[in-house]
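Asker: One file: model-v5.json (JSON, N, CA and C atoms).
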[["chain", "number", "residue", "atom", "x", "y", "z"],
["A", 604, "MET", "N", 0.85, -1.17, 0.00],
["A", 604, "MET", "CA", 0.00, 0.00, 0.00],
["A", 604, "MET", "C", 0.90, 1.24, 0.00],
["A", 605, "SER", "N", 0.66, 2.13, -0.92],
["A", 605, "SER", "CA", 1.49, 3.31, -1.04],
["A", 605, "SER", "C", 1.16, 4.33, 0.07],
["A", 606, "GLY", "N", 2.06, 5.29, 0.23],
["A", 606, "GLY", "CA", 1.87, 6.30, 1.26],
["A", 606, "GLY", "C", 0.62, 7.13, 1.04],
["A", 607, "SER", "N", 0.34, 7.47, -0.22],
["A", 607, "SER", "CA", -0.85, 8.29, -0.49],
["A", 607, "SER", "C", -2.14, 7.52, -0.20],
["A", 608, "THR", "N", -2.12, 6.22, -0.44],
["A", 608, "THR", "CA", -3.30, 5.40, -0.15],
["A", 608, "THR", "C", -3.52, 5.30, 1.35],
["A", 609, "LYS", "N", -2.44, 5.13, 2.11],
["A", 609, "LYS", "CA", -2.56, 5.09, 3.57],
["A", 609, "LYS", "C", -3.10, 6.41, 4.09],
["A", 610, "THR", "N", -2.58, 7.52, 3.57],
["A", 610, "THR", "CA", -3.04, 8.83, 3.99],
["A", 610, "THR", "C", -4.52, 9.00, 3.70],
["A", 611, "MET", "N", -4.95, 8.58, 2.53],
["A", 611, "MET", "CA", -6.36, 8.67, 2.15],
["A", 611, "MET", "C", -7.21, 7.81, 3.09],
["A", 612, "GLY", "N", -6.72, 6.65, 3.46],
["A", 612, "GLY", "CA", -7.45, 5.79, 4.39],
["A", 612, "GLY", "C", -7.60, 6.43, 5.76],
["A", 613, "TYR", "N", -6.50, 7.02, 6.26],
["A", 613, "TYR", "CA", -6.57, 7.71, 7.55],
["A", 613, "TYR", "C", -7.53, 8.90, 7.49],
["A", 614, "LEU", "N", -7.49, 9.62, 6.38],
["A", 614, "LEU", "CA", -8.38, 10.76, 6.20],
["A", 614, "LEU", "C", -9.84, 10.31, 6.19],
["A", 615, "THR", "N", -10.12, 9.19, 5.54],
["A", 615, "THR", "CA", -11.47, 8.67, 5.47],
["A", 615, "THR", "C", -11.98, 8.27, 6.85],
["A", 616, "VAL", "N", -11.13, 7.58, 7.62],
["A", 616, "VAL", "CA", -11.53, 7.17, 8.97],
["A", 616, "VAL", "C", -11.71, 8.40, 9.86],
["A", 617, "GLY", "N", -10.81, 9.36, 9.75],
["A", 617, "GLY", "CA", -10.94, 10.59, 10.52],
["A", 617, "GLY", "C", -12.20, 11.35, 10.18],
["A", 618, "ALA", "N", -12.53, 11.39, 8.90],
["A", 618, "ALA", "CA", -13.76, 12.06, 8.47],
["A", 618, "ALA", "C", -14.99, 11.33, 9.01],
["A", 619, "LEU", "N", -14.95, 10.01, 9.06],
["A", 619, "LEU", "CA", -16.07, 9.25, 9.62],
["A", 619, "LEU", "C", -16.26, 9.61, 11.09],
["A", 620, "VAL", "N", -15.17, 9.70, 11.84],
["A", 620, "VAL", "CA", -15.26, 10.07, 13.25],
["A", 620, "VAL", "C", -15.83, 11.48, 13.39],
["A", 621, "ALA", "N", -15.35, 12.41, 12.56],
["A", 621, "ALA", "CA", -15.82, 13.80, 12.63],
["A", 621, "ALA", "C", -17.30, 13.91, 12.27],
["A", 622, "VAL", "N", -17.73, 13.23, 11.22],
["A", 622, "VAL", "CA", -19.14, 13.30, 10.80],
["A", 622, "VAL", "C", -20.03, 12.66, 11.86],
["A", 623, "THR", "N", -19.57, 11.56, 12.45],
["A", 623, "THR", "CA", -20.35, 10.91, 13.51],
["A", 623, "THR", "C", -20.47, 11.83, 14.72],
["A", 624, "ALA", "N", -19.36, 12.47, 15.11],
["A", 624, "ALA", "CA", -19.40, 13.39, 16.25],
["A", 624, "ALA", "C", -20.33, 14.57, 15.96],
["A", 625, "TYR", "N", -20.28, 15.10, 14.76],
["A", 625, "TYR", "CA", -21.17, 16.20, 14.36],
["A", 625, "TYR", "C", -22.63, 15.76, 14.46],
["A", 626, "THR", "N", -22.91, 14.55, 13.97],
["A", 626, "THR", "CA", -24.27, 14.04, 13.99],
["A", 626, "THR", "C", -24.78, 13.88, 15.41],
["A", 627, "VAL", "N", -23.93, 13.38, 16.31],
["A", 627, "VAL", "CA", -24.34, 13.20, 17.71],
["A", 627, "VAL", "C", -24.56, 14.55, 18.37],
["A", 628, "ALA", "N", -23.68, 15.51, 18.10],
["A", 628, "ALA", "CA", -23.74, 16.80, 18.79],
["A", 628, "ALA", "C", -24.82, 17.73, 18.22],
["A", 629, "LEU", "N", -24.93, 17.80, 16.91],
["A", 629, "LEU", "CA", -25.77, 18.82, 16.30],
["A", 629, "LEU", "C", -26.90, 18.29, 15.43],
["A", 630, "GLY", "N", -26.94, 17.00, 15.23],
["A", 630, "GLY", "CA", -27.99, 16.43, 14.39],
["A", 630, "GLY", "C", -27.43, 16.04, 13.02],
["A", 631, "SER", "N", -28.17, 15.21, 12.35],
["A", 631, "SER", "CA", -27.71, 14.65, 11.09],
["A", 631, "SER", "C", -27.69, 15.69, 9.97],
["A", 632, "SER", "N", -26.68, 15.57, 9.11],
["A", 632, "SER", "CA", -26.59, 16.40, 7.92],
["A", 632, "SER", "C", -26.36, 15.47, 6.73],
["A", 633, "GLY", "N", -27.33, 15.43, 5.86],
["A", 633, "GLY", "CA", -27.23, 14.54, 4.71],
["A", 633, "GLY", "C", -26.04, 14.84, 3.82],
["A", 634, "TRP", "N", -25.69, 16.12, 3.68],
["A", 634, "TRP", "CA", -24.57, 16.49, 2.82],
["A", 634, "TRP", "C", -23.25, 16.00, 3.40],
["A", 635, "LEU", "N", -23.11, 16.02, 4.73],
["A", 635, "LEU", "CA", -21.88, 15.51, 5.33],
["A", 635, "LEU", "C", -21.74, 14.01, 5.08],
["A", 636, "TRP", "N", -22.84, 13.29, 5.28],
["A", 636, "TRP", "CA", -22.78, 11.85, 5.04],
["A", 636, "TRP", "C", -22.55, 11.54, 3.56],
["A", 637, "PHE", "N", -23.17, 12.31, 2.69],
["A", 637, "PHE", "CA", -22.94, 12.13, 1.25],
["A", 637, "PHE", "C", -21.46, 12.36, 0.92],
["A", 638, "GLY", "N", -20.89, 13.42, 1.48],
["A", 638, "GLY", "CA", -19.47, 13.70, 1.26],
["A", 638, "GLY", "C", -18.58, 12.59, 1.77],
["A", 639, "TRP", "N", -18.94, 12.02, 2.93],
["A", 639, "TRP", "CA", -18.14, 10.93, 3.47],
["A", 639, "TRP", "C", -18.23, 9.69, 2.57],
["A", 640, "VAL", "N", -19.41, 9.41, 2.05],
["A", 640, "VAL", "CA", -19.57, 8.26, 1.15],
["A", 640, "VAL", "C", -18.72, 8.45, -0.10],
["A", 641, "VAL", "N", -18.73, 9.65, -0.66],
["A", 641, "VAL", "CA", -17.91, 9.94, -1.85],
["A", 641, "VAL", "C", -16.44, 9.76, -1.52],
["A", 642, "LEU", "N", -16.00, 10.27, -0.37],
["A", 642, "LEU", "CA", -14.61, 10.10, 0.06],
["A", 642, "LEU", "C", -14.27, 8.62, 0.22],
["A", 643, "GLY", "N", -15.17, 7.87, 0.82],
["A", 643, "GLY", "CA", -14.95, 6.43, 0.99],
["A", 643, "GLY", "C", -14.85, 5.70, -0.35],
["A", 644, "LEU", "N", -15.69, 6.08, -1.30],
["A", 644, "LEU", "CA", -15.62, 5.45, -2.62],
["A", 644, "LEU", "C", -14.32, 5.80, -3.34],
["A", 645, "CYS", "N", -13.86, 7.03, -3.17],
["A", 645, "CYS", "CA", -12.57, 7.42, -3.76],
["A", 645, "CYS", "C", -11.43, 6.61, -3.15],
["A", 646, "THR", "N", -11.50, 6.41, -1.84],
["A", 646, "THR", "CA", -10.48, 5.61, -1.16],
["A", 646, "THR", "C", -10.50, 4.17, -1.66],
["A", 647, "LEU", "N", -11.69, 3.60, -1.79],
["A", 647, "LEU", "CA", -11.79, 2.24, -2.31],
["A", 647, "LEU", "C", -11.27, 2.16, -3.75],
["A", 648, "GLY", "N", -11.54, 3.19, -4.53],
["A", 648, "GLY", "CA", -11.03, 3.23, -5.90],
["A", 648, "GLY", "C", -9.52, 3.26, -5.93],
["A", 649, "MET", "N", -8.92, 4.03, -5.02],
["A", 649, "MET", "CA", -7.45, 4.07, -4.94],
["A", 649, "MET", "C", -6.89, 2.70, -4.57],
["A", 650, "LEU", "N", -7.55, 2.03, -3.62],
["A", 650, "LEU", "CA", -7.10, 0.70, -3.22],
["A", 650, "LEU", "C", -7.21, -0.30, -4.38],
["A", 651, "ALA", "N", -8.29, -0.19, -5.14],
["A", 651, "ALA", "CA", -8.54, -1.15, -6.22],
["A", 651, "ALA", "C", -7.60, -0.94, -7.41],
["A", 652, "THR", "N", -7.17, 0.30, -7.63],
["A", 652, "THR", "CA", -6.40, 0.57, -8.84],
["A", 652, "THR", "C", -4.90, 0.67, -8.62],
["A", 653, "GLN", "N", -4.45, 0.57, -7.37],
["A", 653, "GLN", "CA", -3.00, 0.67, -7.15],
["A", 653, "GLN", "C", -2.28, -0.56, -7.67],
["A", 654, "ASP", "N", -1.07, -0.35, -8.12],
["A", 654, "ASP", "CA", -0.26, -1.45, -8.62],
["A", 654, "ASP", "C", 0.24, -2.28, -7.44],
["A", 655, "THR", "N", 0.10, -3.57, -7.56],
["A", 655, "THR", "CA", 0.60, -4.45, -6.50],
["A", 655, "THR", "C", 1.93, -5.00, -6.95],
["A", 656, "GLU", "N", 2.91, -4.83, -6.10],
["A", 656, "GLU", "CA", 4.25, -5.36, -6.39],
["A", 656, "GLU", "C", 4.44, -6.64, -5.60],
["A", 657, "ARG", "N", 4.74, -7.70, -6.31],
["A", 657, "ARG", "CA", 4.95, -8.98, -5.67],
["A", 657, "ARG", "C", 6.43, -9.32, -5.68],
["A", 658, "PRO", "N", 6.94, -9.76, -4.55],
["A", 658, "PRO", "CA", 8.36, -10.12, -4.52],
["A", 658, "PRO", "C", 8.66, -11.28, -5.46],
["A", 659, "GLY", "N", 9.73, -11.15, -6.17],
["A", 659, "GLY", "CA", 10.16, -12.23, -7.07],
["A", 659, "GLY", "C", 9.35, -12.33, -8.33],
["A", 660, "GLY", "N", 8.52, -11.35, -8.61],
["A", 660, "GLY", "CA", 7.68, -11.51, -9.77],
["A", 660, "GLY", "C", 7.73, -10.33, -10.63]]
Let me see the structure of the file written as structure tokens.
Answerer:
Amino acid sequence: MSGSTKTMGYLTVGALVAVTAYTVALGSSGWLWFGWVVLGLCTLGMLATQDTERPGG
């Protein structure tokens, strides 16, 4: 997993925590959840399209 993919994963998890905290404190916001879903899909896309390097191959 490349550094940028790890960073994107951490950002996605952090955003999930932030959106959840916002929802608990101030109420649900559909746009925040929509944004988090888009971010999550982008992260999954990065994971799916990265080149995998196999030792000895």
Asker: Please provide as a list in words all residues within 6.5 Å of Leu635 in chain A, with the sequence filter that same-chain residues fewer than 4 positions apart are discarded (counting all atoms listed in the file).
Answerer: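 Within the cut-off, the hits are Val622, Trp639 and Val640 of chain A.
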Asker: Could you state the separation of CA of Ser605 in chain A and CA of Leu642 in chain A in Å, given to one decimal place?
Answerer: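 So the two atoms, CA of Ser605 in chain A and CA of Leu642 in chain A, lie 17.5 Å apart.
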Asker: Around (-7.3, 5.5, -2.5) in the file's frame, which residues reach within 12 Å when counting only C-alpha atoms? Return as a PDB file with N, CA and C atoms, in the frame of the given file?
Answerer:
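Okay, this is what ended up in result-v4.pdb:
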ATOM      1  N   MET A 604       0.850  -1.170   0.000  1.00  0.00           N
ATOM      2  CA  MET A 604       0.000   0.000   0.000  1.00  0.00           C
ATOM      3  C   MET A 604       0.900   1.240   0.000  1.00  0.00           C
ATOM      4  N   SER A 605       0.660   2.130  -0.920  1.00  0.00           N
ATOM      5  CA  SER A 605       1.490   3.310  -1.040  1.00  0.00           C
ATOM      6  C   SER A 605       1.160   4.330   0.070  1.00  0.00           C
ATOM      7  N   GLY A 606       2.060   5.290   0.230  1.00  0.00           N
ATOM      8  CA  GLY A 606       1.870   6.300   1.260  1.00  0.00           C
ATOM      9  C   GLY A 606       0.620   7.130   1.040  1.00  0.00           C
ATOM     10  N   SER A 607       0.340   7.470  -0.220  1.00  0.00           N
ATOM     11  CA  SER A 607      -0.850   8.290  -0.490  1.00  0.00           C
ATOM     12  C   SER A 607      -2.140   7.520  -0.200  1.00  0.00           C
ATOM     13  N   THR A 608      -2.120   6.220  -0.440  1.00  0.00           N
ATOM     14  CA  THR A 608      -3.300   5.400  -0.150  1.00  0.00           C
ATOM     15  C   THR A 608      -3.520   5.300   1.350  1.00  0.00           C
ATOM     16  N   LYS A 609      -2.440   5.130   2.110  1.00  0.00           N
ATOM     17  CA  LYS A 609      -2.560   5.090   3.570  1.00  0.00           C
ATOM     18  C   LYS A 609      -3.100   6.410   4.090  1.00  0.00           C
ATOM     19  N   THR A 610      -2.580   7.520   3.570  1.00  0.00           N
ATOM     20  CA  THR A 610      -3.040   8.830   3.990  1.00  0.00           C
ATOM     21  C   THR A 610      -4.520   9.000   3.700  1.00  0.00           C
ATOM     22  N   MET A 611      -4.950   8.580   2.530  1.00  0.00           N
ATOM     23  CA  MET A 611      -6.360   8.670   2.150  1.00  0.00           C
ATOM     24  C   MET A 611      -7.210   7.810   3.090  1.00  0.00           C
ATOM     25  N   GLY A 612      -6.720   6.650   3.460  1.00  0.00           N
ATOM     26  CA  GLY A 612      -7.450   5.790   4.390  1.00  0.00           C
ATOM     27  C   GLY A 612      -7.600   6.430   5.760  1.00  0.00           C
ATOM     28  N   TYR A 613      -6.500   7.020   6.260  1.00  0.00           N
ATOM     29  CA  TYR A 613      -6.570   7.710   7.550  1.00  0.00           C
ATOM     30  C   TYR A 613      -7.530   8.900   7.490  1.00  0.00           C
ATOM     31  N   LEU A 614      -7.490   9.620   6.380  1.00  0.00           N
ATOM     32  CA  LEU A 614      -8.380  10.760   6.200  1.00  0.00           C
ATOM     33  C   LEU A 614      -9.840  10.310   6.190  1.00  0.00           C
ATOM     34  N   THR A 615     -10.120   9.190   5.540  1.00  0.00           N
ATOM     35  CA  THR A 615     -11.470   8.670   5.470  1.00  0.00           C
ATOM     36  C   THR A 615     -11.980   8.270   6.850  1.00  0.00           C
ATOM     37  N   VAL A 641     -18.730   9.650  -0.660  1.00  0.00           N
ATOM     38  CA  VAL A 641     -17.910   9.940  -1.850  1.00  0.00           C
ATOM     39  C   VAL A 641     -16.440   9.760  -1.520  1.00  0.00           C
ATOM     40  N   LEU A 642     -16.000  10.270  -0.370  1.00  0.00           N
ATOM     41  CA  LEU A 642     -14.610  10.100   0.060  1.00  0.00           C
ATOM     42  C   LEU A 642     -14.270   8.620   0.220  1.00  0.00           C
ATOM     43  N   GLY A 643     -15.170   7.870   0.820  1.00  0.00           N
ATOM     44  CA  GLY A 643     -14.950   6.430   0.990  1.00  0.00           C
ATOM     45  C   GLY A 643     -14.850   5.700  -0.350  1.00  0.00           C
ATOM     46  N   LEU A 644     -15.690   6.080  -1.300  1.00  0.00           N
ATOM     47  CA  LEU A 644     -15.620   5.450  -2.620  1.00  0.00           C
ATOM     48  C   LEU A 644     -14.320   5.800  -3.340  1.00  0.00           C
ATOM     49  N   CYS A 645     -13.860   7.030  -3.170  1.00  0.00           N
ATOM     50  CA  CYS A 645     -12.570   7.420  -3.760  1.00  0.00           C
ATOM     51  C   CYS A 645     -11.430   6.610  -3.150  1.00  0.00           C
ATOM     52  N   THR A 646     -11.500   6.410  -1.840  1.00  0.00           N
ATOM     53  CA  THR A 646     -10.480   5.610  -1.160  1.00  0.00           C
ATOM     54  C   THR A 646     -10.500   4.170  -1.660  1.00  0.00           C
ATOM     55  N   LEU A 647     -11.690   3.600  -1.790  1.00  0.00           N
ATOM     56  CA  LEU A 647     -11.790   2.240  -2.310  1.00  0.00           C
ATOM     57  C   LEU A 647     -11.270   2.160  -3.750  1.00  0.00           C
ATOM     58  N   GLY A 648     -11.540   3.190  -4.530  1.00  0.00           N
ATOM     59  CA  GLY A 648     -11.030   3.230  -5.900  1.00  0.00           C
ATOM     60  C   GLY A 648      -9.520   3.260  -5.930  1.00  0.00           C
ATOM     61  N   MET A 649      -8.920   4.030  -5.020  1.00  0.00           N
ATOM     62  CA  MET A 649      -7.450   4.070  -4.940  1.00  0.00           C
ATOM     63  C   MET A 649      -6.890   2.700  -4.570  1.00  0.00           C
ATOM     64  N   LEU A 650      -7.550   2.030  -3.620  1.00  0.00           N
ATOM     65  CA  LEU A 650      -7.100   0.700  -3.220  1.00  0.00           C
ATOM     66  C   LEU A 650      -7.210  -0.300  -4.380  1.00  0.00           C
ATOM     67  N   ALA A 651      -8.290  -0.190  -5.140  1.00  0.00           N
ATOM     68  CA  ALA A 651      -8.540  -1.150  -6.220  1.00  0.00           C
ATOM     69  C   ALA A 651      -7.600  -0.940  -7.410  1.00  0.00           C
ATOM     70  N   THR A 652      -7.170   0.300  -7.630  1.00  0.00           N
ATOM     71  CA  THR A 652      -6.400   0.570  -8.840  1.00  0.00           C
ATOM     72  C   THR A 652      -4.900   0.670  -8.620  1.00  0.00           C
ATOM     73  N   GLN A 653      -4.450   0.570  -7.370  1.00  0.00           N
ATOM     74  CA  GLN A 653      -3.000   0.670  -7.150  1.00  0.00           C
ATOM     75  C   GLN A 653      -2.280  -0.560  -7.670  1.00  0.00           C
ATOM     76  N   ASP A 654      -1.070  -0.350  -8.120  1.00  0.00           N
ATOM     77  CA  ASP A 654      -0.260  -1.450  -8.620  1.00  0.00           C
ATOM     78  C   ASP A 654       0.240  -2.280  -7.440  1.00  0.00           C
TER      79      ASP A 654
END
Asker: CA of Val616 in chain A and CA of Trp634 in chain A are how many Å apart?
Answerer: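 Pair CA of Val616 in chain A / CA of Trp634 in chain A returns 17.2 Å.
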Asker: Around all the atoms of range 633-648 of chain A listed in the file, draw an axis-aligned box and extend it by 6 Å on each of the six sides; I want its centre and edge lengths in Å to one decimal, as AutoDock Vina command-line options.
Answerer:
--center_x -18.4 --center_y 9.3 --center_z 0.0 --size_x 29.8 --size_y 26.3 --size_z 23.8
